[in-house]
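Participant: Quick one: this structure, given as structure tokens, is what I'll be asking you about.
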Amino acid sequence: MNFEPNILGFLCNWCSYAGADLAGVSRMQYPTNIKVIRVMCSGRIDPKFIFQALQVGADGVIVMGCHPGDCHYLEGNYEAENKFNMVQKLLKFINFNNRVRLEWVSASEGARFAAVVEDFTNQIKQLGPSPLRRDNPDNNVLEKMKAIEAAAATNRLRALVGKQRNITEQENKYGEKIPEEQFIELMDQAIKDEYERNRILLALEKESKSVKNLAAELKIDPSVVLEHMLILKARIQVDFQEIIGNTPIFMRL
């Protein structure tokens, strides 16, 4: 099969979009697989834009912004990088992390833009069509992608991503600063927790279930599922529906 990937590109107005324009007026050759959306800043890209593009069948998504230190809005590209790192870790749960990329391209780098697009297009061609292509989407993968999107939108992950630079680079009022390695460890655990919790919530949308049934369906240790259920109950997202014998049945609120 002669596979031609569908790639969506989010390009910042001030640098990478101008770089793409330079490549065009200079008649540089690069694959036409990329469909471009111009945004004012790479930091404006909400992770849900990437997840929703993949859900509707994009084979790959690339975000391009100004080089670090050159952002028109000072720190927008640092925010973009923090969001992208979270996106990559979430997508790794379904082996989609190689279908997204973040690159820095300045307004004067038309040749670099063309090279990046060609390289990413070849990478997606090697991976093959997305299992979420509209003609025959894999419903199991789609369900997990929905959980990933919901996890990224949780207050916990949004707060950690938004405060990462402040937490790791600046001291708090007690003169404390969290080491980068410690923050990454905390972030990785939060990403795993929120992904699993949102898989549970999606499973409970269909019908109420016990911890044992959820654990078997989602292939998560029952003790971990129980811990998640207690957190979700405290968040008022789930509650007991009934008790059958000695087994509590949970429902989504």
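Letters A, B, ... go to the chains of the structure tokens in the order shown; residues in each chain start at 1; ligands are counted from 1 in the same order.
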Give the strand (DSSP E or B) residues of segment 54-171 of chain A, as DSSP finds them on the backbone, and put them as an MDAnalysis selection string.
Facilitator: chainID A and resid 60:65 100:104
Participant: The selected residues should be written to file as a PDB file, in the first residue's frame (atoms: N, CA and C atoms).
Facilitator:
```
ATOM      1  N   GLY A  60      -0.199  11.822  12.468  1.00  0.00           N
ATOM      2  CA  GLY A  60       0.862  12.459  13.243  1.00  0.00           C
ATOM      3  C   GLY A  60       0.519  13.911  13.503  1.00  0.00           C
ATOM      4  N   VAL A  61       1.082  14.460  14.576  1.00  0.00           N
ATOM      5  CA  VAL A  61       0.885  15.867  14.924  1.00  0.00           C
ATOM      6  C   VAL A  61       2.238  16.468  15.285  1.00  0.00           C
ATOM      7  N   ILE A  62       2.536  17.623  14.697  1.00  0.00           N
ATOM      8  CA  ILE A  62       3.791  18.303  15.007  1.00  0.00           C
ATOM      9  C   ILE A  62       3.496  19.728  15.465  1.00  0.00           C
ATOM     10  N   VAL A  63       4.171  20.145  16.518  1.00  0.00           N
ATOM     11  CA  VAL A  63       4.070  21.510  17.036  1.00  0.00           C
ATOM     12  C   VAL A  63       5.404  22.192  16.788  1.00  0.00           C
ATOM     13  N   MET A  64       5.374  23.389  16.215  1.00  0.00           N
ATOM     14  CA  MET A  64       6.603  24.139  15.973  1.00  0.00           C
ATOM     15  C   MET A  64       6.488  25.522  16.593  1.00  0.00           C
ATOM     16  N   GLY A  65       7.571  25.953  17.224  1.00  0.00           N
ATOM     17  CA  GLY A  65       7.572  27.264  17.860  1.00  0.00           C
ATOM     18  C   GLY A  65       8.926  27.936  17.751  1.00  0.00           C
ATOM     19  N   VAL A 100       3.891  12.166  17.634  1.00  0.00           N
ATOM     20  CA  VAL A 100       3.866  13.607  17.905  1.00  0.00           C
ATOM     21  C   VAL A 100       5.304  14.109  18.043  1.00  0.00           C
ATOM     22  N   ARG A 101       5.495  15.373  17.702  1.00  0.00           N
ATOM     23  CA  ARG A 101       6.844  15.941  17.789  1.00  0.00           C
ATOM     24  C   ARG A 101       6.758  17.434  18.079  1.00  0.00           C
ATOM     25  N   LEU A 102       7.766  17.931  18.782  1.00  0.00           N
ATOM     26  CA  LEU A 102       7.918  19.358  19.054  1.00  0.00           C
ATOM     27  C   LEU A 102       9.240  19.809  18.455  1.00  0.00           C
ATOM     28  N   GLU A 103       9.216  20.878  17.663  1.00  0.00           N
ATOM     29  CA  GLU A 103      10.433  21.396  17.034  1.00  0.00           C
ATOM     30  C   GLU A 103      10.466  22.913  17.134  1.00  0.00           C
ATOM     31  N   TRP A 104      11.698  23.461  17.158  1.00  0.00           N
ATOM     32  CA  TRP A 104      11.893  24.913  17.150  1.00  0.00           C
ATOM     33  C   TRP A 104      12.372  25.326  15.761  1.00  0.00           C
TER      34      TRP A 104
END
```
Participant: Name all residues at most 9 Å from Glu205 of chain A (count only C-alpha atoms; drop same-chain ones fewer than 6 positions away) and give them as an NGL selection string.
Facilitator: :A and (251-253)
Participant: Please measure the separation of atom CA of Ile220 of chain A and atom CA of Met145 of chain A, giving the value in Å to one decimal.
Facilitator: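 About the pair atom CA of Ile220 of chain A and atom CA of Met145 of chain A: they are 17.0 Å apart.
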Participant: Calculated over only C-alpha atoms, which of the candidates A:Gly110, A:Gly162, A:Gly245, A:Pro131 has the smallest distance to Val25 of chain A?
Facilitator: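 Nearest to Val25 of chain A: A:Gly110.
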Participant: Return the single residue from A:Pro179, A:Gln126, A:Thr247, A:Arg156 that is closest to Lys209 of chain A, with distances computed using only C-alpha atoms.
Facilitator: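 Closest to Lys209 of chain A of all the choices is A:Thr247.
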Participant: Any idea what's packed within 12 Å of Glu118 of chain A, counting only C-alpha atoms, ignoring anything in its chain fewer than 6 positions away? Could you give it as number ranges by chain?
Facilitator: A: 5, 7, 28-34, 62, 111-112, 124-125
Participant: Please return as an MDAnalysis selection string: the residues of segment 74-206 of chain A that backbone DSSP assigns to helix (DSSP H, G or I).
Facilitator: chainID A and resid 76:94 97:99 110:127 139:152 155:169 180:206
Participant: Write out as a list in words each polymer residue whose atoms come within 12 Å of Lys92 of chain A, counting only C-alpha atoms; drop sequence neighbours fewer than 6 positions from it.
Facilitator: Asn85, Met86, Asn98, Arg99, Val100, Lys144, Met145, Ile148, Asp188, Ile191, Lys192 and Tyr195 of chain A
Participant: Please, what distance in Å, to one decimal, runs between atom CA of Ala53 of chain A and atom CA of Leu132 of chain A?
Facilitator: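 According to the coordinates, atom CA of Ala53 of chain A and atom CA of Leu132 of chain A are separated by 10.1 Å.
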Participant: Separation of atom CA of Ala216 of chain A and atom CA of Ile231 of chain A, in Å?
Facilitator: 19.6 Å
Participant: Considering only C-alpha atoms, can you say which of A:Leu8, A:Phe113, A:Ser42, A:Gly57 comes closest to Asn136 of chain A?
Facilitator: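 The shortest atom-to-atom distance to Asn136 of chain A comes from A:Gly57.
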Participant: Give me, as JSON lines, the closest atom pair and its distance (Å, one decimal) for every residue of segment 86-179 of chain A within a cut-off of 8 Å of segment 45-51 of chain A, counting only C-alpha atoms, rows sorted by chain and rising number.
Facilitator:
```
{"residue": "A:Val87", "atom": "CA", "partner": "A:Pro47", "partner_atom": "CA", "distance": 6.6}
{"residue": "A:Met145", "atom": "CA", "partner": "A:Phe51", "partner_atom": "CA", "distance": 7.0}
{"residue": "A:Lys146", "atom": "CA", "partner": "A:Phe51", "partner_atom": "CA", "distance": 8.0}
{"residue": "A:Ile148", "atom": "CA", "partner": "A:Phe51", "partner_atom": "CA", "distance": 7.8}
{"residue": "A:Glu149", "atom": "CA", "partner": "A:Lys48", "partner_atom": "CA", "distance": 5.8}
{"residue": "A:Ala152", "atom": "CA", "partner": "A:Pro47", "partner_atom": "CA", "distance": 7.0}
{"residue": "A:Ala153", "atom": "CA", "partner": "A:Lys48", "partner_atom": "CA", "distance": 7.6}
```
Participant: Create the file for the chosen residues now, containing C-alpha atoms and written as a short mmCIF file (atom, residue, chain, number, x, y, z; two decimals), in the first residue's frame.
Facilitator:
```
data_model
loop_
_atom_site.label_atom_id
_atom_site.label_comp_id
_atom_site.auth_asym_id
_atom_site.auth_seq_id
_atom_site.Cartn_x
_atom_site.Cartn_y
_atom_site.Cartn_z
CA VAL A 87 1.69 14.67 26.23
CA MET A 145 -7.07 8.00 24.02
CA LYS A 146 -10.22 9.48 25.56
CA ILE A 148 -5.58 10.29 28.11
CA GLU A 149 -7.36 13.46 27.00
CA ALA A 152 -4.45 15.85 30.77
CA ALA A 153 -7.37 18.13 31.61
#
```
Participant: Taking into account only C-alpha atoms, which residue in the set A:Ala115, A:Lys212, A:Gln55, A:Asp193 is nearest to Phe96 of chain A?
Facilitator: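 Ranked by minimum distance to Phe96 of chain A, first place goes to A:Gln55.
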Participant: Contacts of Val56 of chain A at 7 Å or less, counting only C-alpha atoms, minus same-chain residues fewer than 4 places along, as JSON, numbers by chain?
Facilitator: {"A": [52, 132, 133, 134]}
Participant: Dump C-alpha atoms for the selected residues as a PDB file, in the first residue's frame?
Facilitator:
```pdb
ATOM      1  CA  GLN A  52      -8.492  15.288  19.517  1.00  0.00           C
ATOM      2  CA  LEU A 132      -7.647   5.558  14.800  1.00  0.00           C
ATOM      3  CA  ARG A 133      -8.161   6.362  11.123  1.00  0.00           C
ATOM      4  CA  ARG A 134     -11.826   7.096  10.506  1.00  0.00           C
TER       5      ARG A 134
END
```
